[in-house]
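Below you'll find the structure, written out as structure tokens, and then a few comments.
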4 protein chains.
Amino acid sequence: MDLRGILPPVATPFDPLGEIDIAALVSNLRRWQGTGLAGYVLLGSTSETVYLTEAERARVLEAARSVIPSDQLMISGVIYEATGQAIAFSKAAAALGVNYVLVGAPNYYKDRMTEAVLHAFYTEVAEHSPTPVLLYNVPQFTGVSLSPNLIAKLSEHPNIVGMKDSSGNMAGLSEILRRVVAPFPVFVGAPFMLLPSLVLGAVGGILGIAHFAPRLCVELFQACTRRDFLQARTLHFQLAPAMAVTAAYGVPAIKAAMDMLGYVGGPCRRPLQPVDETTREIVKQALSAAKLL
Amino acid sequence: MDLRGILPPVATPFDPLGEIDIAALVSNLRRWQGTGLAGYVLLGSTSETVYLTEAERARVLEAARSVIPSDQLMISGVIYEATGQAIAFSKAAAALGVNYVLVGAPNYYKDRMTEAVLHAFYTEVAEHSPTPVLLYNVPQFTGVSLSPNLIAKLSEHPNIVGMKDSSGNMAGLSEILRRVVAPFPVFVGAPFMLLPSLVLGAVGGILGIAHFAPRLCVELFQACTRRDFLQARTLHFQLAPAMAVTAAYGVPAIKAAMDMLGYVGGPCRRPLQPVDETTREIVKQALSAAKLL
Amino acid sequence: MDLRGILPPVATPFDPLGEIDIAALVSNLRRWQGTGLAGYVLLGSTSETVYLTEAERARVLEAARSVIPSDQLMISGVIYEATGQAIAFSKAAAALGVNYVLVGAPNYYKDRMTEAVLHAFYTEVAEHSPTPVLLYNVPQFTGVSLSPNLIAKLSEHPNIVGMKDSSGNMAGLSEILRRVVAPFPVFVGAPFMLLPSLVLGAVGGILGIAHFAPRLCVELFQACTRRDFLQARTLHFQLAPAMAVTAAYGVPAIKAAMDMLGYVGGPCRRPLQPVDETTREIVKQALSAAKLL
Amino acid sequence: MDLRGILPPVATPFDPLGEIDIAALVSNLRRWQGTGLAGYVLLGSTSETVYLTEAERARVLEAARSVIPSDQLMISGVIYEATGQAIAFSKAAAALGVNYVLVGAPNYYKDRMTEAVLHAFYTEVAEHSPTPVLLYNVPQFTGVSLSPNLIAKLSEHPNIVGMKDSSGNMAGLSEILRRVVAPFPVFVGAPFMLLPSLVLGAVGGILGIAHFAPRLCVELFQACTRRDFLQARTLHFQLAPAMAVTAAYGVPAIKAAMDMLGYVGGPCRRPLQPVDETTREIVKQALSAAKLL
């Protein structure tokens with residue numbers, strides 16, 4: 001399946017007791033149909049994945065698989081610390097029918113996560129994963145950065161076929177694009193990077209704002225596809241207020257925006273807390289500025 | 001039980017296939033008897049806890065409980081991202097007979113872990129934990145810091161009774177000691193901080209070097225207890241080469257040192273890799289410099 | 001004069017004794033004529049300005065003024081810690097005929113450089129500077145960052161007319177472009193940011209690589225001007241190896257590349273040291289990969 | 001002269017127009033006589049040295065030399081970016097009668113300040129300085145850290161005879177003390193480090209709080225000298241509120257405290273601004289808590 005376009009890193013809805021709300025998840029996925037999204041990433045950073053047990057993660061994939069059409073991308077995050085856990089869940093995700101796994105870097109022992117250790121980790125996971133592996137670079141959450149040099153080396157592996165770079169580092173992204181063994185599609189995860197990265201050759205975005213502004217994101221992507229970068233710039237700055245609030249306030253703000261725009265955001269699982277009233281107002285004004293409300 | 005003295009943050013031994021080696025754990029715990037250690041912290045950062053399933057963590061506690069005499073401290077780390085997981089494991093640990101739980105800060109969503117969010121997290125865990133809670137500040141692994149201000153506030157809670165500060169930040173430690181509602185025993189986790197912190201009023205150390213140099217650590221502690229700070233200084237600098245290698249090379253170096261000194265260190269769980277030959281030689285020379293070999 | 005296009009942050013040549021080599025400076029400036037550069041920034045970060053006395057800085061401006069045609073931009077960096085020093089040199093630069101001053105942020109007392117303090121600093125300099133002021137954001141050297149919020153406020157001042165952003169931070173740049181009181185031309189200083197930033201609305205680049213690859217930089221800029229972003233992308237990746245070495249090795253690498261390509265780079269002033277043989281070879285290969293050699 | 005004891009890094013008084021107030025400087029120096037201070041550091045970080053011209057720096061030394069008794073230490077900071085500037089001012093300081101120069105690390109080009117470059121810088125300065133050199137490590141201001149390894153190597157040079165470490169890094173300080181070629185007296189600059197460092201073997205402190213609490217600092221030092229570390233601890237916590245405000249609010253807070261306690265603090269040179277009313281009140285309460293008011 002073609003790795004390109006706009007995908008949301010699907011937020012996991014919870015009920016007021018903190019249990020996963022599968023019906024809400026399904027409802028969101030259905031509502032996104034027809035917006036032009038290329039597919040869905042489940043169990044990514046925005047999905048509060050680190051708060052889910054292995055069984056809960058499987059339930060999310062199962063439910064999503066039942067709704068996502070087979071001609072759309074279904075990607076599962078694999079966010080674990082131990083190599084064995086990452087391999088086991090990659091297999092479980094494959095059995096549940098995902099197209100790709102997006103594998104986060106182990107990061108608790110940050111100083112030990114040298115280029116050699118990360119190379120061995122990703123290689124071992126790729127050897128055992130039945131589905132192709134996408135690398136996931138998100139240093140703002142992990143405190144560990146995948147260098148362009150490491151990514152270039154890993155791109156040689158036949159089962160490592162692309163990546164998501166959420167670092168927001170333009171120099172790094174450019175070096176990645178220049179140095180990988182092509183084809184190696186690169187998605188970006190930082191919203192402000194979408195347009196600038198598409199100009200350089202990235203294939204799309206896996207973006208929090210796509211939860212509540214899927215059409216605008218898709219329009220921006222399509223403008224770039226037809227090389228209308230000036231129209232893309234206009235859309236970029238239309239979306240910029242929304243980008244700014246998700247960058248500043250994270251998952252709780254994305255869920256608040258979803259609630260405002262007809263999706264089910266709902267509460268986060270604790271320790272995450274909902275946006276306070278002030279932030280909710282800021283989110284609202286940003287959606288308004290972006291002509292989404 | 002008295003919160004003071006030297007404790008190792010007990011390394012978890014694995015067999016060559018990566019399974020927990022309970023026999024080795026028990027053998028290490030037995031070997032530490034009689035060295036003067038005040039007790040043991042299981043499932044801390046040095047224990048590769050983030051690589052263990054909940055069931056494995058329980059097995060570690062069970063085995064340890066069967067060996068650790070009831071007059072010695074048995075503390076269990078509680079390292080989880082979700083509030084619910086932390087509460088559940090605190091209860092499990094209590095049921096398995098630990099004296100205290102040492103609760104790490106959730107940290108994946110670093111920017112969201114404001115003082116208010118962390119205050120709510122620790123308060124909620126403390127409300128539900130059957131055993132008293134110790135705070136665990138280890139920003140080098142979590143990327144999240146518990147401020148003296150937050151700790152001072154949390155020290156008012158009747159079920160939050162002390163802490164381990166591994167930050168290595170002397171100004172922070174001093175402010176903690178000054179501002180908490182006493183009694184609030186503070187252990188340090190950074191080896192170079194042991195003597196300087198005991199001088200300021202810390203109650204002991206939970207130290208990687210205590211795995212393989214328990215007697216020297218205990219001697220240093222006892223010298224401080226009898227106010228012989230010059231002897232303590234001598235012991236500090238005797239131990240310093242060992243402190244330096246554990247600071248520089250982490251868990252793999254601690255396990256290598258254990259192997260050299262009659263304990264079972266053994267392999268780490270992947271992605272962690274054993275020290276390479278060069279580092280092994282550096283560890284050996286450090287143990288030699290510390291007159292441990 | 002129109003603030004747009006490509007400018008080098010002119011390196012200051014030194015003779016073997018460490019004295020400024022005015023003849024070499026003049027020769028470089030003459031050689032750049034006809035390459036399409038929009039003008040020159042003297043006494044910027046790449047100029048080893050912090051190693052120059054006030055008298056030496058004046059000599060550089062004087063010599064440059066005698067060579068730079070009046071229809072090209074001549075901008076002077078103003079890099080000082082004290083407000084009074086910055087004002088005094090802004091006046092000196094004006095008297096020597098520069099078109100704009102590019103004013104760096106004071107930074108020794110980093111924690112004190114709050115938004116309020118920086119706002120007062122720039123406002124006071126702008127009040128007293130006879131020539132219009134450009135803000136200069138270069139946190140990698142100063143450890144102090146000008147926030148989009150601060151820049152937006154300062155853009156209201158009639159004598160603060162634009163900026164150079166060398167931060168390499170795409171989110172920040174986007175927010176600056178969105179929030180300033182227009183017109184407020186923004187140059188970028190990080191080479192990998194040139195194309196992505198032009199797409200978003202930046203007006204040009206003040207770039208180390210323009211010292212030795214002025215024509216390619218200008219071609220890239222012109223491709224963007226005529227909206228041929230795909231040609232711009234090709235040029236971006238042609239230049240990328242050169243961008244990478246200047247990013248990795250700094251002023252000494254720029255001077256080495258100048259020496260290889262017919263300009264006078266020469267030695268740096270100490271404590272800066274020339275590139276070693278290994279790095280010189282890396283620079284050479286990068287120039288070769290960029291088809292400059 | 002014996003390098004040990006407590007010294008203030010003397011604040012430079014300015015008049016309301018921003019000119020150096022020599023009379024106030026002299027008055028402060030006279031008032032400190034008889035407090036037990038071991039001497040004075042002029043032109044350090046707290047002296048707003050980076051805001052002073054070379055001529056102004058010389059005037060400060062001249063005035064100080066006329067007041068400081070010859071049996072007390074007179075040390076001059078040498079804070080410059082260029083090797084040549086640092087050497088020139090070291091000679092000027094020697095001619096003006098200082099006992100030692102305290103030489104800061106060049107830092108504008110942070111990435112270029114490798115161990116090799118810093119080693120060459122300090123060695124060259126030491127070769128040419130008529131007075132013995134003390135290394136000055138203050139990464140919070142410079143963004144450049146002198147590693148224990150570098151310091152150990154530099155300690156072999158006959159004209160590099162000690163250092164001031166303001167990093168607040170206990171592990172680093174311990175490694176410095178362990179690895180230098182003795183004798184190599186080490187002063188600390190972070191107030192919370194004074195007692196802990198004296199226990200490990202540091203020789204004293206060059207401390208902002210010594211401006212307004214010289215006697216208490218000296219008492220703390222003397223308690224350590226007679227090995228009464230418990231009394232030293234009591235004094236440490238008495239002083240801690242004052243330590244906290246100088247750490248949080250810097251030079252303006254030190255000057256405010258001086259004004260409150262009979263010294264001449266006065267205004268800072270811009271861009272530094274005086275403490276606002278809220279902070280002034282916090283400073284006042286801290287002095288009160290420390291029983292200084």
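The way I read the labels, and the way they are meant: chains A, B, ... in the order of the structure tokens, residue 1 as the first residue of every chain, and ligand 1 as the first ligand shown, with later ones counted on from there.
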Chain C fitted onto chain D, all C-alpha pairs in order, as a CSV table (one decimal) with C-alpha atoms, in the first residue's frame:
chain,number,residue,atom,x,y,z
C,1,MET,CA,49.5,33.8,49.2
C,2,ASP,CA,47.3,31.1,50.6
C,3,LEU,CA,44.4,30.2,48.3
C,4,ARG,CA,41.7,29.4,50.8
C,5,GLY,CA,38.7,31.0,52.5
C,6,ILE,CA,35.7,33.1,51.5
C,7,LEU,CA,35.9,35.8,48.9
C,8,PRO,CA,33.1,37.9,47.2
C,9,PRO,CA,33.1,38.1,43.4
C,10,VAL,CA,32.9,41.9,43.9
C,11,ALA,CA,29.9,43.6,42.3
C,12,THR,CA,30.7,46.7,40.4
C,13,PRO,CA,28.7,49.7,41.6
C,14,PHE,CA,27.2,52.1,39.0
C,15,ASP,CA,25.8,55.5,39.4
C,16,PRO,CA,22.4,56.4,38.0
C,17,LEU,CA,23.9,57.3,34.7
C,18,GLY,CA,25.5,53.9,34.3
C,19,GLU,CA,29.0,55.0,35.0
C,20,ILE,CA,31.2,53.1,37.4
C,21,ASP,CA,31.0,54.4,40.9
C,22,ILE,CA,34.6,54.0,42.2
C,23,ALA,CA,33.8,55.7,45.5
C,24,ALA,CA,31.1,53.1,46.2
C,25,LEU,CA,33.4,50.3,45.3
C,26,VAL,CA,36.1,51.6,47.7
C,27,SER,CA,33.5,52.1,50.4
C,28,ASN,CA,32.3,48.5,50.0
C,29,LEU,CA,35.8,47.1,50.1
C,30,ARG,CA,36.6,49.1,53.3
C,31,ARG,CA,33.4,47.9,54.9
C,32,TRP,CA,34.3,44.3,54.2
C,33,GLN,CA,37.6,44.7,56.2
C,34,GLY,CA,37.5,42.9,59.5
C,35,THR,CA,34.8,40.5,58.4
C,36,GLY,CA,37.2,37.6,58.0
C,37,LEU,CA,37.1,37.5,54.2
C,38,ALA,CA,40.2,36.0,52.7
C,39,GLY,CA,40.3,38.5,49.9
C,40,TYR,CA,38.4,39.7,46.8
C,41,VAL,CA,37.7,38.7,43.2
C,42,LEU,CA,37.3,41.7,41.0
C,43,LEU,CA,35.9,41.5,37.5
C,44,GLY,CA,34.2,38.1,38.0
C,45,SER,CA,30.8,37.1,36.6
C,46,THR,CA,29.0,39.0,39.4
C,47,SER,CA,30.9,42.2,38.5
C,48,GLU,CA,29.0,42.7,35.3
C,49,THR,CA,32.5,42.4,33.7
C,50,VAL,CA,31.2,41.8,30.2
C,51,TYR,CA,29.6,45.2,30.3
C,52,LEU,CA,32.9,47.0,31.0
C,53,THR,CA,35.5,48.3,28.6
C,54,GLU,CA,39.1,47.3,29.0
C,55,ALA,CA,39.8,50.8,30.4
C,56,GLU,CA,37.0,50.5,32.9
C,57,ARG,CA,38.2,47.1,34.0
C,58,ALA,CA,41.6,48.6,34.6
C,59,ARG,CA,40.1,51.4,36.7
C,60,VAL,CA,38.3,48.9,38.9
C,61,LEU,CA,41.6,47.0,39.6
C,62,GLU,CA,43.4,50.2,40.3
C,63,ALA,CA,40.9,51.4,42.8
C,64,ALA,CA,40.6,48.0,44.4
C,65,ARG,CA,44.4,47.7,44.7
C,66,SER,CA,44.6,51.0,46.6
C,67,VAL,CA,42.2,49.6,49.3
C,68,ILE,CA,42.9,45.9,49.6
C,69,PRO,CA,45.6,45.2,52.2
C,70,SER,CA,48.6,43.3,50.8
C,71,ASP,CA,47.9,40.4,53.1
C,72,GLN,CA,44.6,39.7,51.5
C,73,LEU,CA,44.0,38.0,48.2
C,74,MET,CA,43.3,40.1,45.2
C,75,ILE,CA,42.2,38.1,42.2
C,76,SER,CA,41.1,39.5,38.9
C,77,GLY,CA,38.7,37.9,36.5
C,78,VAL,CA,39.8,37.7,32.9
C,79,ILE,CA,36.7,37.3,30.8
C,80,TYR,CA,37.4,37.6,27.1
C,81,GLU,CA,36.7,35.7,23.9
C,82,ALA,CA,40.0,36.1,22.1
C,83,THR,CA,43.2,34.5,23.3
C,84,GLY,CA,45.0,37.7,22.6
C,85,GLN,CA,42.6,39.8,24.6
C,86,ALA,CA,42.9,37.4,27.5
C,87,ILE,CA,46.6,37.5,27.5
C,88,ALA,CA,46.7,41.3,27.2
C,89,PHE,CA,44.4,41.8,30.1
C,90,SER,CA,46.3,39.2,32.2
C,91,LYS,CA,49.4,41.3,31.7
C,92,ALA,CA,47.5,44.5,32.6
C,93,ALA,CA,46.1,42.9,35.7
C,94,ALA,CA,49.6,41.8,36.7
C,95,ALA,CA,50.9,45.3,36.2
C,96,LEU,CA,48.1,46.6,38.5
C,97,GLY,CA,49.2,44.2,41.2
C,98,VAL,CA,46.7,41.3,41.4
C,99,ASN,CA,47.8,38.1,42.9
C,100,TYR,CA,46.1,35.7,40.6
C,101,VAL,CA,44.0,35.9,37.4
C,102,LEU,CA,40.8,33.9,37.1
C,103,VAL,CA,40.4,33.1,33.4
C,104,GLY,CA,37.0,32.4,31.9
C,105,ALA,CA,36.5,30.1,28.9
C,106,PRO,CA,35.9,31.6,25.5
C,107,ASN,CA,32.4,30.5,24.5
C,108,TYR,CA,30.7,32.2,21.6
C,109,TYR,CA,31.5,29.3,19.2
C,110,LYS,CA,30.4,26.7,21.7
C,111,ASP,CA,30.6,23.7,19.4
C,112,ARG,CA,34.2,24.6,18.5
C,113,MET,CA,35.3,24.8,22.1
C,114,THR,CA,36.5,21.2,22.2
C,115,GLU,CA,38.8,19.9,24.9
C,116,ALA,CA,41.8,20.4,22.5
C,117,VAL,CA,40.9,24.0,21.8
C,118,LEU,CA,40.3,24.9,25.4
C,119,HIS,CA,43.6,23.2,26.4
C,120,ALA,CA,45.5,25.3,23.8
C,121,PHE,CA,43.7,28.4,25.0
C,122,TYR,CA,44.5,28.0,28.7
C,123,THR,CA,48.0,26.8,28.0
C,124,GLU,CA,48.8,29.9,25.8
C,125,VAL,CA,47.3,32.3,28.4
C,126,ALA,CA,49.3,30.6,31.2
C,127,GLU,CA,52.5,30.8,29.2
C,128,HIS,CA,52.1,34.6,28.9
C,129,SER,CA,50.4,35.6,32.1
C,130,PRO,CA,52.9,37.1,34.6
C,131,THR,CA,50.7,36.1,37.5
C,132,PRO,CA,49.5,32.5,38.2
C,133,VAL,CA,46.3,31.4,36.5
C,134,LEU,CA,43.1,30.0,38.1
C,135,LEU,CA,40.7,28.2,35.8
C,136,TYR,CA,37.1,29.5,35.8
C,137,ASN,CA,34.3,27.0,35.1
C,138,VAL,CA,30.9,28.6,34.9
C,139,PRO,CA,28.8,26.7,32.3
C,140,GLN,CA,25.5,28.4,33.3
C,141,PHE,CA,26.9,31.7,31.8
C,142,THR,CA,29.2,30.4,29.1
C,143,GLY,CA,27.4,27.3,27.9
C,144,VAL,CA,30.8,25.7,27.9
C,145,SER,CA,32.0,23.2,30.5
C,146,LEU,CA,35.5,22.4,31.5
C,147,SER,CA,35.6,18.6,32.0
C,148,PRO,CA,37.5,17.0,34.9
C,149,ASN,CA,39.7,15.4,32.3
C,150,LEU,CA,40.7,18.8,30.8
C,151,ILE,CA,41.2,20.3,34.2
C,152,ALA,CA,43.4,17.4,35.3
C,153,LYS,CA,45.6,17.9,32.2
C,154,LEU,CA,45.8,21.7,32.7
C,155,SER,CA,46.7,21.2,36.4
C,156,GLU,CA,50.1,19.9,35.2
C,157,HIS,CA,51.0,23.3,33.9
C,158,PRO,CA,53.2,25.2,36.4
C,159,ASN,CA,51.4,28.5,35.9
C,160,ILE,CA,47.9,27.0,36.3
C,161,VAL,CA,47.6,26.7,40.0
C,162,GLY,CA,43.9,26.3,41.0
C,163,MET,CA,40.4,27.0,39.9
C,164,LYS,CA,36.9,28.2,40.7
C,165,ASP,CA,34.1,25.8,39.8
C,166,SER,CA,30.7,27.4,39.7
C,167,SER,CA,29.0,24.5,37.9
C,168,GLY,CA,27.2,23.2,41.0
C,169,ASN,CA,28.0,19.7,39.7
C,170,MET,CA,29.1,17.5,42.7
C,171,ALA,CA,30.2,14.5,40.6
C,172,GLY,CA,32.4,16.8,38.5
C,173,LEU,CA,33.9,18.5,41.5
C,174,SER,CA,34.7,15.2,43.1
C,175,GLU,CA,36.4,14.0,39.9
C,176,ILE,CA,38.4,17.2,39.7
C,177,LEU,CA,39.6,16.9,43.3
C,178,ARG,CA,40.5,13.3,42.7
C,179,ARG,CA,42.3,13.7,39.4
C,180,VAL,CA,44.3,17.0,39.5
C,181,VAL,CA,48.0,17.2,40.1
C,182,ALA,CA,48.0,18.5,43.7
C,183,PRO,CA,48.3,21.0,45.2
C,184,PHE,CA,45.5,22.5,43.1
C,185,PRO,CA,43.2,24.5,45.3
C,186,VAL,CA,39.6,24.5,44.2
C,187,PHE,CA,37.1,27.2,45.1
C,188,VAL,CA,33.4,26.7,44.5
C,189,GLY,CA,31.1,29.4,43.2
C,190,ALA,CA,27.7,27.9,43.8
C,191,PRO,CA,26.6,28.7,47.3
C,192,PHE,CA,24.8,25.4,48.1
C,193,MET,CA,28.0,23.6,47.2
C,194,LEU,CA,30.1,25.4,49.9
C,195,LEU,CA,29.7,23.0,52.8
C,196,PRO,CA,29.5,19.8,50.7
C,197,SER,CA,32.6,20.8,48.8
C,198,LEU,CA,34.6,21.7,51.8
C,199,VAL,CA,33.9,18.3,53.2
C,200,LEU,CA,35.4,16.8,50.0
C,201,GLY,CA,38.5,19.0,50.1
C,202,ALA,CA,37.6,22.3,48.3
C,203,VAL,CA,39.5,25.2,49.8
C,204,GLY,CA,36.8,27.8,50.0
C,205,GLY,CA,34.1,29.8,48.2
C,206,ILE,CA,33.9,32.8,45.9
C,207,LEU,CA,30.2,33.5,46.5
C,208,GLY,CA,27.6,36.1,45.7
C,209,ILE,CA,26.2,35.8,49.2
C,210,ALA,CA,29.5,36.9,50.7
C,211,HIS,CA,28.7,40.4,49.5
C,212,PHE,CA,26.1,40.8,52.1
C,213,ALA,CA,26.7,37.9,54.6
C,214,PRO,CA,30.5,37.8,54.8
C,215,ARG,CA,30.6,36.9,58.5
C,216,LEU,CA,28.2,34.0,58.3
C,217,CYS,CA,30.1,32.6,55.3
C,218,VAL,CA,33.3,32.9,57.1
C,219,GLU,CA,31.9,31.2,60.2
C,220,LEU,CA,30.7,28.4,58.0
C,221,PHE,CA,34.1,28.1,56.5
C,222,GLN,CA,35.8,28.2,59.9
C,223,ALA,CA,33.5,25.6,61.4
C,224,CYS,CA,34.6,23.3,58.6
C,225,THR,CA,38.3,24.1,59.2
C,226,ARG,CA,37.9,22.9,62.8
C,227,ARG,CA,35.9,19.9,61.6
C,228,ASP,CA,32.7,21.0,63.2
C,229,PHE,CA,30.5,19.9,60.3
C,230,LEU,CA,27.3,19.9,62.3
C,231,GLN,CA,27.7,23.6,63.2
C,232,ALA,CA,28.6,24.2,59.6
C,233,ARG,CA,25.3,22.5,58.6
C,234,THR,CA,23.3,24.8,60.9
C,235,LEU,CA,25.0,27.8,59.3
C,236,HIS,CA,24.3,26.3,55.8
C,237,PHE,CA,20.6,26.1,56.5
C,238,GLN,CA,20.6,29.5,58.1
C,239,LEU,CA,22.1,30.9,54.9
C,240,ALA,CA,20.0,28.7,52.6
C,241,PRO,CA,17.2,31.2,52.0
C,242,ALA,CA,19.8,33.8,50.9
C,243,MET,CA,21.5,31.3,48.7
C,244,ALA,CA,18.1,30.5,47.1
C,245,VAL,CA,17.3,34.1,46.1
C,246,THR,CA,20.8,34.8,44.7
C,247,ALA,CA,20.5,31.6,42.7
C,248,ALA,CA,17.1,32.5,41.5
C,249,TYR,CA,17.5,36.2,40.8
C,250,GLY,CA,21.2,36.8,40.2
C,251,VAL,CA,23.2,40.0,40.3
C,252,PRO,CA,20.2,42.4,40.7
C,253,ALA,CA,19.2,40.4,43.8
C,254,ILE,CA,22.7,40.6,45.2
C,255,LYS,CA,22.8,44.3,44.7
C,256,ALA,CA,19.4,44.7,46.3
C,257,ALA,CA,20.5,42.7,49.3
C,258,MET,CA,23.6,44.8,49.6
C,259,ASP,CA,21.5,47.9,49.6
C,260,MET,CA,19.4,46.4,52.4
C,261,LEU,CA,22.4,45.6,54.5
C,262,GLY,CA,24.5,48.7,54.5
C,263,TYR,CA,26.6,48.2,51.4
C,264,VAL,CA,26.3,50.1,48.1
C,265,GLY,CA,24.5,47.8,45.6
C,266,GLY,CA,22.8,50.3,43.4
C,267,PRO,CA,21.6,49.9,39.9
C,268,CYS,CA,23.0,47.4,37.3
C,269,ARG,CA,24.2,48.4,34.0
C,270,ARG,CA,21.6,47.9,31.2
C,271,PRO,CA,20.4,45.5,29.8
C,272,LEU,CA,20.3,44.2,33.4
C,273,GLN,CA,17.4,45.7,35.2
C,274,PRO,CA,16.9,46.1,39.0
C,275,VAL,CA,14.7,43.6,40.8
C,276,ASP,CA,11.1,44.5,40.7
C,277,GLU,CA,9.0,45.2,43.8
C,278,THR,CA,7.9,41.6,44.2
C,279,THR,CA,11.4,40.3,44.0
C,280,ARG,CA,12.7,42.9,46.3
C,281,GLU,CA,10.2,41.8,48.9
C,282,ILE,CA,11.3,38.1,48.3
C,283,VAL,CA,14.9,39.2,48.8
C,284,LYS,CA,14.0,41.0,52.0
C,285,GLN,CA,12.1,38.0,53.4
C,286,ALA,CA,15.1,35.8,52.6
C,287,LEU,CA,17.5,38.1,54.4
C,288,SER,CA,15.1,38.1,57.3
C,289,ALA,CA,14.8,34.3,57.3
C,290,ALA,CA,18.6,34.1,57.3
C,291,LYS,CA,18.7,36.5,60.3
C,292,LEU,CA,20.6,39.0,58.4
C,293,LEU,CA,18.0,41.8,58.6
Q.
According to DSSP computed on the backbone, where in range 20-261 of chain A is there strand (DSSP E or B)? Give the residues as a VMD selection string.
A. chain A and resid 20 39 to 42 73 to 78 100 to 104 133 to 137 160 to 165 169 186 to 188 204 to 206
Q | range 153-221 of chain A: residues DSSP assigns to alpha helix (DSSP H), reported as a PyMOL selection string | A | chain A and resi 153-154+170-179+194-200+214-221
